[in-house]
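Asks: mmCIF, C-alpha atoms, file my_file_11.cif:
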```cif
data_entry
#
loop_
_atom_site.group_PDB
_atom_site.id
_atom_site.type_symbol
_atom_site.label_atom_id
_atom_site.label_comp_id
_atom_site.auth_asym_id
_atom_site.auth_seq_id
_atom_site.Cartn_x
_atom_site.Cartn_y
_atom_site.Cartn_z
ATOM 1 C CA MET A 21 53.432 144.227 283.991
ATOM 2 C CA PRO A 22 54.631 143.972 287.613
ATOM 3 C CA GLU A 23 53.788 146.757 290.027
ATOM 4 C CA HIS A 24 56.341 149.496 290.534
ATOM 5 C CA VAL A 25 58.373 148.978 293.720
ATOM 6 C CA ASP A 26 59.065 152.144 295.702
ATOM 7 C CA TRP A 27 62.392 151.067 297.214
ATOM 8 C CA PHE A 28 62.458 153.728 299.909
ATOM 9 C CA GLN A 29 59.057 152.547 301.113
ATOM 10 C CA TRP A 30 60.093 148.901 300.831
ATOM 11 C CA PHE A 31 63.166 149.446 303.029
ATOM 12 C CA LEU A 32 61.252 151.500 305.605
ATOM 13 C CA ALA A 33 58.437 148.913 305.762
ATOM 14 C CA PHE A 34 61.052 146.175 306.160
ATOM 15 C CA PHE A 35 62.787 147.910 309.080
ATOM 16 C CA GLU A 36 59.435 148.682 310.696
ATOM 17 C CA LYS A 37 58.572 144.982 310.507
ATOM 18 C CA VAL A 38 61.863 143.729 312.016
ATOM 19 C CA LYS A 39 62.699 146.589 314.401
ATOM 20 C CA ASP A 40 61.942 144.691 317.624
ATOM 21 C CA HIS A 41 63.841 141.545 316.633
ATOM 22 C CA PHE A 42 66.751 143.535 315.231
ATOM 23 C CA ALA A 43 67.005 145.501 318.487
ATOM 24 C CA VAL A 44 67.719 142.137 320.180
ATOM 25 C CA VAL A 45 70.098 140.959 317.432
ATOM 26 C CA LEU A 46 72.193 144.102 318.013
ATOM 27 C CA ASP A 47 73.352 142.419 321.242
ATOM 28 C CA ALA A 48 74.864 139.554 319.190
ATOM 29 C CA ALA A 49 78.273 140.582 317.883
ATOM 30 C CA GLY A 50 79.374 139.737 314.374
ATOM 31 C CA CYS A 51 76.084 138.770 312.733
ATOM 32 C CA TRP A 52 74.136 141.975 312.192
ATOM 33 C CA GLU A 53 74.484 142.379 308.437
ATOM 34 C CA GLY A 54 73.995 138.683 307.728
ATOM 35 C CA TRP A 55 70.852 138.642 309.861
ATOM 36 C CA LEU A 56 69.428 141.678 308.030
ATOM 37 C CA GLN A 57 70.258 140.181 304.640
ATOM 38 C CA GLY A 58 68.567 136.924 305.637
ATOM 39 C CA GLU A 59 65.420 138.711 306.765
ATOM 40 C CA MET A 60 65.367 140.822 303.594
ATOM 41 C CA PHE A 61 65.824 137.660 301.556
ATOM 42 C CA LEU A 62 62.825 136.070 303.303
ATOM 43 C CA GLN A 63 60.668 139.134 302.724
ATOM 44 C CA GLY A 64 61.725 139.692 299.115
ATOM 45 C CA ARG A 65 62.312 136.173 297.817
ATOM 46 C CA HIS A 66 59.808 135.192 295.152
ATOM 47 C CA GLY A 67 57.467 137.991 296.056
ATOM 48 C CA ARG A 68 54.601 138.853 293.791
ATOM 49 C CA ASP A 69 56.502 141.678 292.144
ATOM 50 C CA MET A 70 60.142 140.849 292.803
ATOM 51 C CA THR A 71 62.819 138.308 293.537
ATOM 52 C CA LEU A 72 65.567 139.425 295.901
ATOM 53 C CA PHE A 73 69.082 137.969 296.053
ATOM 54 C CA THR A 74 71.854 138.495 298.599
ATOM 55 C CA ASN A 75 75.624 138.614 297.972
ATOM 56 C CA HIS A 76 74.945 138.666 294.254
ATOM 57 C CA PRO A 77 77.869 138.642 291.756
ATOM 58 C CA GLY A 78 78.165 140.521 288.486
ATOM 59 C CA VAL A 79 76.159 143.654 289.290
ATOM 60 C CA LEU A 80 78.996 145.743 290.712
ATOM 61 C CA ASN A 81 82.394 146.188 289.089
ATOM 62 C CA GLU A 82 84.109 144.655 292.097
ATOM 63 C CA GLY A 83 82.858 142.159 294.610
ATOM 64 C CA PHE A 84 79.326 141.093 295.385
ATOM 65 C CA ALA A 85 76.263 143.264 295.877
ATOM 66 C CA ASP A 86 74.738 142.875 299.343
ATOM 67 C CA LEU A 87 71.302 143.042 297.709
ATOM 68 C CA PHE A 88 70.027 142.672 294.163
ATOM 69 C CA ALA A 89 66.367 142.567 293.196
ATOM 70 C CA VAL A 90 64.777 141.566 289.948
ATOM 71 C CA ALA A 91 61.803 143.887 290.053
ATOM 72 C CA HIS A 92 60.289 146.958 288.437
ATOM 73 C CA PRO A 93 62.639 148.795 288.745
ATOM 74 C CA PRO A 94 65.587 146.487 289.450
ATOM 75 C CA MET A 95 67.574 147.402 292.574
ATOM 76 C CA VAL A 96 71.108 146.953 293.848
ATOM 77 C CA GLY A 97 71.951 147.834 297.426
ATOM 78 C CA GLU A 98 74.767 147.905 299.916
ATOM 79 C CA ILE A 99 74.215 147.647 303.666
ATOM 80 C CA LYS A 100 76.571 149.041 306.281
ATOM 81 C CA ILE A 101 75.963 148.661 309.984
ATOM 82 C CA VAL A 102 78.123 150.892 312.125
ATOM 83 C CA SER A 103 80.162 148.755 314.462
ATOM 84 C CA ALA A 104 83.549 150.427 314.804
ATOM 85 C CA GLU A 105 84.931 153.792 315.771
ATOM 86 C CA GLY A 106 87.301 155.492 313.386
ATOM 87 C CA THR A 107 88.195 155.918 309.774
ATOM 88 C CA VAL A 108 87.918 152.212 308.899
ATOM 89 C CA MET A 109 84.115 152.484 308.894
ATOM 90 C CA ASP A 110 84.229 155.802 307.028
ATOM 91 C CA SER A 111 86.357 154.310 304.251
ATOM 92 C CA ALA A 112 84.179 151.172 304.046
ATOM 93 C CA ILE A 113 81.060 153.304 303.541
ATOM 94 C CA GLU A 114 82.814 155.441 300.934
ATOM 95 C CA LYS A 115 84.000 152.328 299.101
ATOM 96 C CA ASP A 116 80.457 150.916 298.952
ATOM 97 C CA VAL A 117 79.056 154.201 297.644
ATOM 98 C CA ARG A 118 81.788 154.308 294.978
ATOM 99 C CA ARG A 119 81.004 150.702 293.983
ATOM 100 C CA LEU A 120 77.319 151.597 293.636
ATOM 101 C CA ARG A 121 78.085 154.661 291.503
ATOM 102 C CA ASP A 122 80.390 152.608 289.252
ATOM 103 C CA ARG A 123 78.028 149.624 288.992
ATOM 104 C CA ARG A 124 78.166 147.364 285.967
ATOM 105 C CA VAL A 125 74.383 147.081 285.617
ATOM 106 C CA THR A 126 73.392 150.717 285.203
ATOM 107 C CA ALA A 127 69.686 150.052 284.557
ATOM 108 C CA THR A 128 69.136 149.574 288.292
ATOM 109 C CA GLU A 129 68.239 151.853 291.136
ATOM 110 C CA ALA A 130 71.106 151.798 293.627
ATOM 111 C CA TYR A 131 70.760 152.300 297.386
ATOM 112 C CA MET A 132 73.160 152.757 300.266
ATOM 113 C CA VAL A 133 71.565 151.570 303.514
ATOM 114 C CA LEU A 134 73.317 152.749 306.655
ATOM 115 C CA VAL A 135 72.234 151.397 310.040
ATOM 116 C CA ILE A 136 73.472 153.190 313.149
ATOM 117 C CA PRO A 137 72.922 151.339 316.448
ATOM 118 C CA LYS A 138 71.846 153.502 319.387
ATOM 119 C CA SER A 139 75.193 152.811 321.071
ATOM 120 C CA GLU A 140 76.969 154.625 318.204
ATOM 121 C CA LYS A 141 74.618 157.609 317.802
ATOM 122 C CA GLN A 142 76.516 159.800 320.288
ATOM 123 C CA THR A 143 80.075 158.802 319.348
ATOM 124 C CA LYS A 144 82.443 160.825 317.154
ATOM 125 C CA LEU A 145 81.692 158.411 314.315
ATOM 126 C CA GLY A 146 77.950 158.793 314.915
ATOM 127 C CA TYR A 147 78.235 162.551 314.605
ATOM 128 C CA ARG A 148 80.232 162.196 311.367
ATOM 129 C CA LEU A 149 77.639 159.794 309.968
ATOM 130 C CA GLU A 150 74.894 162.333 310.638
ATOM 131 C CA LYS A 151 76.661 164.731 308.271
ATOM 132 C CA LEU A 152 76.997 162.296 305.359
ATOM 133 C CA HIS A 153 75.203 163.356 302.208
ATOM 134 C CA TYR A 154 75.373 161.188 299.090
ATOM 135 C CA SER A 155 72.188 162.256 297.352
ATOM 136 C CA ASP A 156 69.243 164.608 297.644
ATOM 137 C CA GLN A 157 67.106 161.478 297.358
ATOM 138 C CA HIS A 158 67.269 160.024 300.854
ATOM 139 C CA VAL A 159 65.180 158.994 303.836
ATOM 140 C CA GLU A 160 65.986 158.333 307.451
ATOM 141 C CA ARG A 161 64.069 156.874 310.343
ATOM 142 C CA ASP A 162 64.885 156.407 314.012
ATOM 143 C CA TYR A 163 63.620 153.145 315.492
ATOM 144 C CA GLY A 164 64.924 153.756 319.007
ATOM 145 C CA ALA A 165 67.523 150.976 319.206
ATOM 146 C CA PHE A 166 68.916 152.003 315.821
ATOM 147 C CA LYS A 167 68.602 154.626 313.105
ATOM 148 C CA VAL A 168 68.455 153.963 309.369
ATOM 149 C CA ARG A 169 69.703 156.365 306.688
ATOM 150 C CA ILE A 170 69.098 155.396 303.050
ATOM 151 C CA TRP A 171 70.328 157.202 299.937
ATOM 152 C CA ARG A 172 69.510 156.550 296.306
ATOM 153 C CA ILE A 173 72.857 156.604 294.527
ATOM 154 C CA GLU A 174 73.017 157.845 290.940
#
```
Once you've parsed the file, please lay out its structure as structure tokens.
Replies:
Amino acid sequence: MPEHVDWFQWFLAFFEKVKDHFAVVLDAAGCWEGWLQGEMFLQGRHGRDMTLFTNHPGVLNEGFADLFAVAHPPMVGEIKIVSAEGTVMDSAIEKDVRRLRDRRVTATEAYMVLVIPKSEKQTKLGYRLEKLHYSDQHVERDYGAFKVRIWRIE
């Protein structure tokens, strides 16, 4: 039987590994989420205990899942990187959380991964994001150039 994957630890180890490169990528507009997905794909693709897919269909009731892993336990995840001031970002985060809660494949652990660049930490949106609470099961870590908040969504 494959080893149990602790998804919180997997995400935190991933961000620890890529933090320096991602700090540079944050200067490149329009590619943040795709870059993160690509790096996650490289780290999780055909691993010993999992296979990770990006933009995977059929797991959520609408659209594609940013991340889906065949593992023990299986995982579905949505990534949001704060890049805009205002309610557009708020509603996009809420929509992803709703999609995770209403997922088609319920025998998965679901995670909302929120990345807040340093440039957004002190904005009105940054302050609102600090107050978000989707689950008592959550972790957060500040990497200097960005902060990561991750919730397990039931």
Asks: What is the distance between CA of Leu134 in chain A and CA of Arg169 in chain A, in Å to one decimal?
Replies: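 Between CA of Leu134 in chain A and CA of Arg169 in chain A the gap is 5.1 Å.
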Asks: Written as a ChimeraX atom specification, which residues does the PyMOL selection byres ((chain A and resi 102) around 8) give for the file shown?
Replies: /A:100-101,103-104,109,134-137,140
Asks: Restricting the calculation to all atoms listed in the file, which member of A:Glu150, A:Phe61, A:Val25, A:Leu145 is positioned closest to Val168 in chain A?
Replies: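 With all atoms listed in the file as the atom set, the closest residue is A:Glu150.
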Asks: Got a sec: who's within 12 Å of range 39-45 of chain A, counting only C-alpha atoms, leaving out chain neighbours fewer than 4 positions off, as number ranges by chain?
Replies: A: 31-35, 49-59, 101, 135-139, 161-168
Asks: Contacts of Phe84 in chain A at 10 Å or less, counting all atoms listed in the file, minus same-chain residues fewer than 3 places along, as a list in words?
Replies: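 Non-adjacent residues within range: Thr74, Asn75, His76, Pro77, Gly78, Val79, Leu80, Asn81, Leu87, Phe88, Glu98 and Arg119 of chain A.
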Asks: For Val96 in chain A, list every protein, DNA or RNA residue within 8 Å, evaluated using all atoms listed in the file, and leave out those in the same chain fewer than 6 positions away; present the list as a PDB file with C-alpha atoms, in the coordinates of the input.
Replies:
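Written out: result.pdb:
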```
ATOM      1  CA  VAL A  79      76.159 143.654 289.290  1.00  0.00           C
ATOM      2  CA  ALA A  85      76.263 143.264 295.877  1.00  0.00           C
ATOM      3  CA  ASP A  86      74.738 142.875 299.343  1.00  0.00           C
ATOM      4  CA  LEU A  87      71.302 143.042 297.709  1.00  0.00           C
ATOM      5  CA  PHE A  88      70.027 142.672 294.163  1.00  0.00           C
ATOM      6  CA  ALA A  89      66.367 142.567 293.196  1.00  0.00           C
ATOM      7  CA  LEU A 120      77.319 151.597 293.636  1.00  0.00           C
ATOM      8  CA  THR A 128      69.136 149.574 288.292  1.00  0.00           C
ATOM      9  CA  GLU A 129      68.239 151.853 291.136  1.00  0.00           C
ATOM     10  CA  ALA A 130      71.106 151.798 293.627  1.00  0.00           C
ATOM     11  CA  TYR A 131      70.760 152.300 297.386  1.00  0.00           C
TER      12      TYR A 131
END
```
Asks: Would you mind reading off the distance between CA of Val90 in chain A and CA of Ala127 in chain A, one decimal, in Å?
Replies: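 Spanning CA of Val90 in chain A to CA of Ala127 in chain A is a straight-line distance of 11.2 Å.
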Asks: Please enclose the listed atoms of range 80-88 of chain A in an axis-aligned box, pad each side by 3 Å, and write out the centre and the three edge lengths in Å, rounded to one decimal, as JSON.
Replies:
```
{"center_x": 77.1, "center_y": 143.6, "center_z": 294.2, "size_x": 20.1, "size_y": 11.1, "size_z": 16.3}
```
Asks: Check what the PyMOL selection byres ((chain A and resi 152) around 12) selects in the file above and give those residues as a VMD selection string.
Replies: chain A and resid 110 113 to 114 117 132 134 145 to 151 153 to 156 158 160 169 to 171
Asks: For Thr71 in chain A, which residue out of A:Val125, A:Ala91, A:Val133, A:Ala48 is the nearest one, using all atoms listed in the file?
Replies: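 Among A:Val125, A:Ala91, A:Val133, A:Ala48, it is A:Ala91 that comes nearest to Thr71 in chain A.
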Asks: CA of Arg121 in chain A to CA of Gly97 in chain A: how many Å, to one decimal?
Replies: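 Here the two named atoms are 10.9 Å from each other.
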Asks: Would you please work out which residue, of A:Trp30, A:His24, A:Ala112, A:Gln142, is nearest to Gly64 in chain A when using only C-alpha atoms?
Replies: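 For Gly64 in chain A, the nearest of the given residues is A:Trp30.
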Asks: What would range 54-73 of chain A look like with N, CA and C atoms restored, written as a PDB file, in the frame of the given file?
Replies:
```pdb
ATOM      1  N   GLY A  54      74.498 139.966 308.216  1.00  0.00           N
ATOM      2  CA  GLY A  54      73.995 138.683 307.728  1.00  0.00           C
ATOM      3  C   GLY A  54      72.556 138.446 308.150  1.00  0.00           C
ATOM      4  N   TRP A  55      72.226 138.809 309.384  1.00  0.00           N
ATOM      5  CA  TRP A  55      70.852 138.642 309.861  1.00  0.00           C
ATOM      6  C   TRP A  55      69.892 139.506 309.043  1.00  0.00           C
ATOM      7  N   LEU A  56      70.280 140.787 308.830  1.00  0.00           N
ATOM      8  CA  LEU A  56      69.428 141.678 308.030  1.00  0.00           C
ATOM      9  C   LEU A  56      69.256 141.156 306.612  1.00  0.00           C
ATOM     10  N   GLN A  57      70.353 140.716 305.995  1.00  0.00           N
ATOM     11  CA  GLN A  57      70.258 140.181 304.640  1.00  0.00           C
ATOM     12  C   GLN A  57      69.327 138.969 304.604  1.00  0.00           C
ATOM     13  N   GLY A  58      69.426 138.099 305.588  1.00  0.00           N
ATOM     14  CA  GLY A  58      68.567 136.924 305.637  1.00  0.00           C
ATOM     15  C   GLY A  58      67.103 137.299 305.764  1.00  0.00           C
ATOM     16  N   GLU A  59      66.811 138.266 306.612  1.00  0.00           N
ATOM     17  CA  GLU A  59      65.420 138.711 306.765  1.00  0.00           C
ATOM     18  C   GLU A  59      64.909 139.398 305.501  1.00  0.00           C
ATOM     19  N   MET A  60      65.766 140.193 304.858  1.00  0.00           N
ATOM     20  CA  MET A  60      65.367 140.822 303.594  1.00  0.00           C
ATOM     21  C   MET A  60      65.119 139.769 302.528  1.00  0.00           C
ATOM     22  N   PHE A  61      65.982 138.762 302.499  1.00  0.00           N
ATOM     23  CA  PHE A  61      65.824 137.660 301.556  1.00  0.00           C
ATOM     24  C   PHE A  61      64.466 136.985 301.762  1.00  0.00           C
ATOM     25  N   LEU A  62      64.116 136.708 303.011  1.00  0.00           N
ATOM     26  CA  LEU A  62      62.825 136.070 303.303  1.00  0.00           C
ATOM     27  C   LEU A  62      61.656 136.938 302.860  1.00  0.00           C
ATOM     28  N   GLN A  63      61.763 138.238 303.094  1.00  0.00           N
ATOM     29  CA  GLN A  63      60.668 139.134 302.724  1.00  0.00           C
ATOM     30  C   GLN A  63      60.586 139.349 301.222  1.00  0.00           C
ATOM     31  N   GLY A  64      61.725 139.361 300.536  1.00  0.00           N
ATOM     32  CA  GLY A  64      61.725 139.692 299.115  1.00  0.00           C
ATOM     33  C   GLY A  64      61.868 138.523 298.163  1.00  0.00           C
ATOM     34  N   ARG A  65      62.079 137.333 298.680  1.00  0.00           N
ATOM     35  CA  ARG A  65      62.312 136.173 297.817  1.00  0.00           C
ATOM     36  C   ARG A  65      61.003 135.701 297.199  1.00  0.00           C
ATOM     37  N   HIS A  66      60.969 135.676 295.899  1.00  0.00           N
ATOM     38  CA  HIS A  66      59.808 135.192 295.152  1.00  0.00           C
ATOM     39  C   HIS A  66      58.528 135.900 295.556  1.00  0.00           C
ATOM     40  N   GLY A  67      58.653 137.193 295.791  1.00  0.00           N
ATOM     41  CA  GLY A  67      57.467 137.991 296.056  1.00  0.00           C
ATOM     42  C   GLY A  67      56.648 138.142 294.784  1.00  0.00           C
ATOM     43  N   ARG A  68      55.492 138.703 294.937  1.00  0.00           N
ATOM     44  CA  ARG A  68      54.601 138.853 293.791  1.00  0.00           C
ATOM     45  C   ARG A  68      55.238 139.714 292.698  1.00  0.00           C
ATOM     46  N   ASP A  69      55.961 140.736 293.118  1.00  0.00           N
ATOM     47  CA  ASP A  69      56.502 141.678 292.144  1.00  0.00           C
ATOM     48  C   ASP A  69      58.021 141.732 292.111  1.00  0.00           C
ATOM     49  N   MET A  70      58.685 140.811 292.822  1.00  0.00           N
ATOM     50  CA  MET A  70      60.142 140.849 292.803  1.00  0.00           C
ATOM     51  C   MET A  70      60.735 139.545 293.303  1.00  0.00           C
ATOM     52  N   THR A  71      61.990 139.361 292.962  1.00  0.00           N
ATOM     53  CA  THR A  71      62.819 138.308 293.537  1.00  0.00           C
ATOM     54  C   THR A  71      64.084 138.983 294.033  1.00  0.00           C
ATOM     55  N   LEU A  72      64.418 138.768 295.298  1.00  0.00           N
ATOM     56  CA  LEU A  72      65.567 139.425 295.901  1.00  0.00           C
ATOM     57  C   LEU A  72      66.672 138.408 296.156  1.00  0.00           C
ATOM     58  N   PHE A  73      67.897 138.801 295.837  1.00  0.00           N
ATOM     59  CA  PHE A  73      69.082 137.969 296.053  1.00  0.00           C
ATOM     60  C   PHE A  73      70.030 138.687 297.003  1.00  0.00           C
TER      61      PHE A  73
END
```
